[in-house]
Amino acid sequence: MTDTAAPARTAAAPAPAGDTTRVELDGVAAAARRAFAVTAAATAAERAAWLRAAADALDAARDELVPIADEETRLGTARLTGEVARTTAQLRLFADAVLEGSYLEATVDHPDATTIPPRPDLRRMLRPLGPVAVFGASNFPFAFSVAGGDTASALATGCPVIVKGHPAHPRLSARTAEIVADALAAAGAPQGAFAHVTGHETGVALVQHPEIRAVGFTGSLGGGRALFDLAQQRPDPIPFYGELSAVNPVLITPAAIEARADALATGLAGSFTLGAGQFCTNPGVVFAPAGSGFGERVRAALDAASTGPAPMLTDGIAAAFASGIADLAGRDGVEVVAGDPTAQEPGTGAPVVLRTTTAAVVGDPGALLHECFGPSTLIVEYADVADALAAARAVGGSLTATVHAEPGEGLAPIVEVLSEIAGRVLFAGWPTGVAVSWAQQHGGPWPSTTSIHTSVGVTAMRRFLRPIAFQDAPEAALPPELRDANPLRIPRRVDGMLVLPERGSEHAPAAG
């Protein structure tokens, strides 16, 4: 994607017509830096109002935006209408989190001369980093794009956001950005708090720009790794929060197969073909008992559902799927169970089920366990659960890992292995579908993400915050969150004890 061997901040190549130029990007970045002085000092009530204004504006524009999104992504109006609702709900959730205040991790340690060494007065909290770059994703044109979770979580913390729109839905990105910018301005957000830029080279320059303090990215492993390297090679390296690649292993125990094999096959078929398989949580590797005929059951479930080719997001994504699945099917020890890996139609993805063994996986994990973005899954047959777990360790980092077992089965060894390789472990169910909540973890070990943080849910805010401690500071010099009286009524840890505000006071008018 880029020349990662050249870390210097060099001028970007001339932008194609319509793309943001380097001069324009410099102006946008300068405005974001000026806005940061205002957004960082804004009260919680002000930032919450900005987020809610953006949510209200997007809801009001739903009937305009969904047809544009459907034309550019081919995801269907039902899916896209639901995605707008998810997007606006998460904006409002972050507004609630800002008012609640625990995300600041406010901590107060009063002086104690009896400790060794003596403890001074120490007060610590999190503060925003500065302007943030956000790269929109192709497969979620609302929820992971211009006004998606990265943008919402960064704005919630007080960080201005510059979004690099995704070329797969350019008109939707531009119109969404206009709506969000207008809503923020009408709600009192400063000029420069939000901006939208376009162009491949612009994206490269954005990551390298000296005003940018962090990057949020959802996309391919190759593209994300190139930008990650650029972020680390800057004279002042910055955090790059990338969601990149995952095969999301599933382990089905023999007891589960015996009890409900057909239901499991139907569930898997529905999950890996959902949205033409274009979900980052797609179950790409499934460990099943050898000789159980599970692959044939999945094939029957696909036939029963008449699951055929489905439009993919772009012709490029479809071509990459066709190439990747054909390569995987041609590997030693891999058998085609359903579909035809070599007969994919342009612009679409048709379901493919492959099968191999744990021995093949352990012998060649690099070839067999890479993400094939589209409607496919690889069934890996095992001799016993210990055999499956040995192969599962070769999977590497994933966003999710799922276990299907029966009541009473000993799950401790399974959970231990799956917890090492995934950010979220599911018991029954299927991994496609990511709830937006306080407890969600959407991020796992490399290569699924580049960090330990989540990109979905309230704690996604942590990515765009840094800690600061004040020692022996006069009361007047402290931010309100750290003053003894706790005027904002936020949860805090005081002298090691968690102290919660009085019931009902967390949304008091003084909050900010």
# chains A, B, ... in the order shown; residues from 1 in each chain; ligands from 1
call {"tool": "residues_around", "arguments": {"residues": "region 78-81 of chain A", "least_positions_apart": "2", "cutoff": "9 Å", "atoms": "only C-alpha atoms", "output": "list in words"}}
result
Arg62, Asp63, Val66, Pro67, Ala69, Asp70, Leu75, Gly76, Glu83, Val84, Ala85, Arg86, Phe140, Pro141, Phe142 and Gly275 of chain A
call {"tool": "residues_around", "arguments": {"residues": "region 26-40 of chain A", "least_positions_apart": "2", "cutoff": "9 Å", "atoms": "only C-alpha atoms", "output": "ChimeraX atom specification"}}
result
/A:21-24,42-43,47,127-132,155,157-162,189-197,206,209-212
call {"tool": "write_last_selection", "arguments": {"atoms": "N, CA and C atoms", "output": "JSON list (two decimals), in the first residue's frame"}}
result
[["chain", "number", "residue", "atom", "x", "y", "z"],
["A", 21, "THR", "N", -6.21, 17.83, -1.24],
["A", 21, "THR", "CA", -4.80, 18.13, -1.51],
["A", 21, "THR", "C", -4.03, 18.25, -0.21],
["A", 22, "ARG", "N", -2.71, 18.25, -0.31],
["A", 22, "ARG", "CA", -1.89, 18.40, 0.89],
["A", 22, "ARG", "C", -2.10, 19.77, 1.53],
["A", 23, "VAL", "N", -2.26, 20.80, 0.72],
["A", 23, "VAL", "CA", -2.52, 22.14, 1.27],
["A", 23, "VAL", "C", -3.84, 22.15, 2.04],
["A", 24, "GLU", "N", -4.85, 21.52, 1.45],
["A", 24, "GLU", "CA", -6.15, 21.44, 2.13],
["A", 24, "GLU", "C", -6.05, 20.63, 3.42],
["A", 42, "ALA", "N", -14.12, 21.47, 27.03],
["A", 42, "ALA", "CA", -15.58, 21.46, 27.04],
["A", 42, "ALA", "C", -16.10, 20.61, 28.19],
["A", 43, "THR", "N", -17.25, 20.99, 28.70],
["A", 43, "THR", "CA", -17.86, 20.21, 29.77],
["A", 43, "THR", "C", -18.41, 18.89, 29.23],
["A", 47, "ARG", "N", -20.13, 18.08, 25.45],
["A", 47, "ARG", "CA", -19.74, 17.01, 24.53],
["A", 47, "ARG", "C", -20.87, 16.02, 24.33],
["A", 127, "ARG", "N", -6.83, 12.22, 30.09],
["A", 127, "ARG", "CA", -7.16, 13.42, 29.31],
["A", 127, "ARG", "C", -7.02, 13.11, 27.83],
["A", 128, "PRO", "N", -7.71, 13.85, 26.95],
["A", 128, "PRO", "CA", -7.67, 13.55, 25.52],
["A", 128, "PRO", "C", -6.30, 13.77, 24.91],
["A", 129, "LEU", "N", -6.00, 12.98, 23.86],
["A", 129, "LEU", "CA", -4.70, 13.03, 23.22],
["A", 129, "LEU", "C", -4.53, 14.24, 22.30],
["A", 130, "GLY", "N", -5.56, 14.56, 21.54],
["A", 130, "GLY", "CA", -5.46, 15.59, 20.51],
["A", 130, "GLY", "C", -6.18, 15.13, 19.27],
["A", 131, "PRO", "N", -5.99, 15.79, 18.13],
["A", 131, "PRO", "CA", -6.68, 15.40, 16.89],
["A", 131, "PRO", "C", -6.42, 13.95, 16.51],
["A", 132, "VAL", "N", -7.48, 13.27, 16.11],
["A", 132, "VAL", "CA", -7.44, 11.84, 15.79],
["A", 132, "VAL", "C", -7.83, 11.64, 14.32],
["A", 155, "LEU", "N", -14.62, 11.73, 19.65],
["A", 155, "LEU", "CA", -15.31, 12.97, 19.98],
["A", 155, "LEU", "C", -15.76, 12.99, 21.43],
["A", 157, "THR", "N", -14.30, 11.82, 24.00],
["A", 157, "THR", "CA", -13.19, 12.14, 24.90],
["A", 157, "THR", "C", -12.75, 13.59, 24.80],
["A", 158, "GLY", "N", -13.18, 14.29, 23.75],
["A", 158, "GLY", "CA", -12.72, 15.64, 23.52],
["A", 158, "GLY", "C", -11.65, 15.76, 22.45],
["A", 159, "CYS", "N", -11.50, 14.73, 21.63],
["A", 159, "CYS", "CA", -10.53, 14.76, 20.54],
["A", 159, "CYS", "C", -11.22, 15.15, 19.23],
["A", 160, "PRO", "N", -10.74, 16.19, 18.54],
["A", 160, "PRO", "CA", -11.25, 16.45, 17.19],
["A", 160, "PRO", "C", -10.95, 15.26, 16.28],
["A", 161, "VAL", "N", -11.78, 15.08, 15.26],
["A", 161, "VAL", "CA", -11.67, 13.92, 14.39],
["A", 161, "VAL", "C", -11.56, 14.37, 12.93],
["A", 162, "ILE", "N", -10.59, 13.79, 12.22],
["A", 162, "ILE", "CA", -10.50, 13.93, 10.77],
["A", 162, "ILE", "C", -10.71, 12.54, 10.17],
["A", 189, "ALA", "N", -20.29, 22.96, 18.77],
["A", 189, "ALA", "CA", -18.92, 22.45, 18.68],
["A", 189, "ALA", "C", -18.07, 23.43, 17.88],
["A", 190, "PRO", "N", -16.78, 23.55, 18.21],
["A", 190, "PRO", "CA", -15.94, 24.52, 17.50],
["A", 190, "PRO", "C", -15.63, 24.09, 16.08],
["A", 191, "GLN", "N", -15.37, 25.08, 15.23],
["A", 191, "GLN", "CA", -14.93, 24.79, 13.88],
["A", 191, "GLN", "C", -13.63, 23.98, 13.94],
["A", 192, "GLY", "N", -13.56, 22.91, 13.15],
["A", 192, "GLY", "CA", -12.39, 22.05, 13.16],
["A", 192, "GLY", "C", -12.55, 20.83, 14.03],
["A", 193, "ALA", "N", -13.64, 20.72, 14.78],
["A", 193, "ALA", "CA", -13.84, 19.55, 15.64],
["A", 193, "ALA", "C", -14.08, 18.28, 14.82],
["A", 194, "PHE", "N", -14.52, 18.45, 13.58],
["A", 194, "PHE", "CA", -14.80, 17.28, 12.73],
["A", 194, "PHE", "C", -14.56, 17.68, 11.28],
["A", 195, "ALA", "N", -13.91, 16.81, 10.52],
["A", 195, "ALA", "CA", -13.66, 17.07, 9.10],
["A", 195, "ALA", "C", -13.59, 15.75, 8.35],
["A", 196, "HIS", "N", -13.74, 15.84, 7.03],
["A", 196, "HIS", "CA", -13.75, 14.67, 6.15],
["A", 196, "HIS", "C", -12.79, 14.93, 5.00],
["A", 197, "VAL", "N", -11.88, 13.98, 4.74],
["A", 197, "VAL", "CA", -10.93, 14.10, 3.65],
["A", 197, "VAL", "C", -10.98, 12.84, 2.81],
["A", 206, "LEU", "N", -2.11, 11.82, 6.14],
["A", 206, "LEU", "CA", -2.85, 12.05, 7.38],
["A", 206, "LEU", "C", -2.19, 11.32, 8.55],
["A", 209, "HIS", "N", 0.89, 13.17, 9.51],
["A", 209, "HIS", "CA", 0.77, 14.61, 9.79],
["A", 209, "HIS", "C", 1.12, 14.92, 11.25],
["A", 210, "PRO", "N", 1.94, 15.94, 11.48],
["A", 210, "PRO", "CA", 2.39, 16.21, 12.86],
["A", 210, "PRO", "C", 1.28, 16.61, 13.82],
["A", 211, "GLU", "N", 0.12, 17.04, 13.32],
["A", 211, "GLU", "CA", -0.96, 17.41, 14.23],
["A", 211, "GLU", "C", -1.76, 16.21, 14.71],
["A", 212, "ILE", "N", -1.63, 15.06, 14.05],
["A", 212, "ILE", "CA", -2.41, 13.88, 14.40],
["A", 212, "ILE", "C", -1.75, 13.16, 15.57]]
call {"tool": "closest_atom_pairs", "arguments": {"of": "region 51-151 of chain A", "to": "region 457-477 of chain A", "cutoff": "12 Å", "atoms": "only C-alpha atoms", "output": "Markdown table"}}
result
| residue | atom | partner | partner_atom | distance |
| --- | --- | --- | --- | --- |
| A:Arg86 | CA | A:Gly457 | CA | 11.5 |
| A:Thr87 | CA | A:Gly457 | CA | 11.5 |
| A:Ala89 | CA | A:Gly457 | CA | 10.9 |
| A:Gln90 | CA | A:Gly457 | CA | 7.7 |
| A:Leu91 | CA | A:Val458 | CA | 10.1 |
| A:Arg92 | CA | A:Val458 | CA | 10.8 |
| A:Leu93 | CA | A:Val458 | CA | 7.5 |
| A:Phe94 | CA | A:Val458 | CA | 6.3 |
| A:Ala95 | CA | A:Val458 | CA | 9.8 |
| A:Asp96 | CA | A:Val458 | CA | 9.5 |
| A:Ala97 | CA | A:Val458 | CA | 6.9 |
| A:Val98 | CA | A:Val458 | CA | 9.4 |
| A:Glu100 | CA | A:Val458 | CA | 11.1 |
| A:Gly101 | CA | A:Val458 | CA | 11.2 |
| A:Ser102 | CA | A:Thr459 | CA | 10.2 |
| A:Tyr103 | CA | A:Thr459 | CA | 7.2 |
| A:Leu104 | CA | A:Leu465 | CA | 8.5 |
| A:Glu105 | CA | A:Pro467 | CA | 8.8 |
| A:Ala106 | CA | A:Pro467 | CA | 9.7 |
| A:Thr107 | CA | A:Ala469 | CA | 9.1 |
| A:Val108 | CA | A:Ala469 | CA | 9.6 |
| A:Asp109 | CA | A:Gln471 | CA | 9.7 |
| A:His110 | CA | A:Asp472 | CA | 9.3 |
| A:Pro111 | CA | A:Asp472 | CA | 8.6 |
| A:Arg119 | CA | A:Gln471 | CA | 9.8 |
| A:Pro120 | CA | A:Asp472 | CA | 6.4 |
| A:Asp121 | CA | A:Asp472 | CA | 4.9 |
| A:Leu122 | CA | A:Gln471 | CA | 4.7 |
| A:Arg123 | CA | A:Phe470 | CA | 5.2 |
| A:Arg124 | CA | A:Ala469 | CA | 4.1 |
| A:Met125 | CA | A:Pro467 | CA | 5.6 |
| A:Leu126 | CA | A:Pro467 | CA | 4.3 |
| A:Arg127 | CA | A:Leu465 | CA | 5.2 |
| A:Pro128 | CA | A:Leu465 | CA | 4.4 |
| A:Leu129 | CA | A:Leu465 | CA | 5.3 |
| A:Gly130 | CA | A:Phe464 | CA | 8.0 |
| A:Pro131 | CA | A:Phe464 | CA | 9.2 |
| A:Val132 | CA | A:Phe464 | CA | 7.8 |
| A:Ala133 | CA | A:Phe464 | CA | 10.6 |
| A:Val134 | CA | A:Phe464 | CA | 11.4 |
| A:Ala143 | CA | A:Gly457 | CA | 11.8 |
| A:Gly148 | CA | A:Gly457 | CA | 11.2 |
| A:Gly149 | CA | A:Gly457 | CA | 7.8 |
| A:Asp150 | CA | A:Ala460 | CA | 7.6 |
| A:Thr151 | CA | A:Met461 | CA | 9.9 |
call {"tool": "atom_distance", "arguments": {"atom1": "CA of Ala428 (chain A)", "atom2": "CA of Pro311 (chain A)"}}
result
29.0 Å
call {"tool": "closest_residue", "arguments": {"among": "A:Ala269, A:Ala41, A:Ala185, A:Leu264", "to": "Ala405 (chain A)", "atoms": "only C-alpha atoms"}}
result
A:Leu264
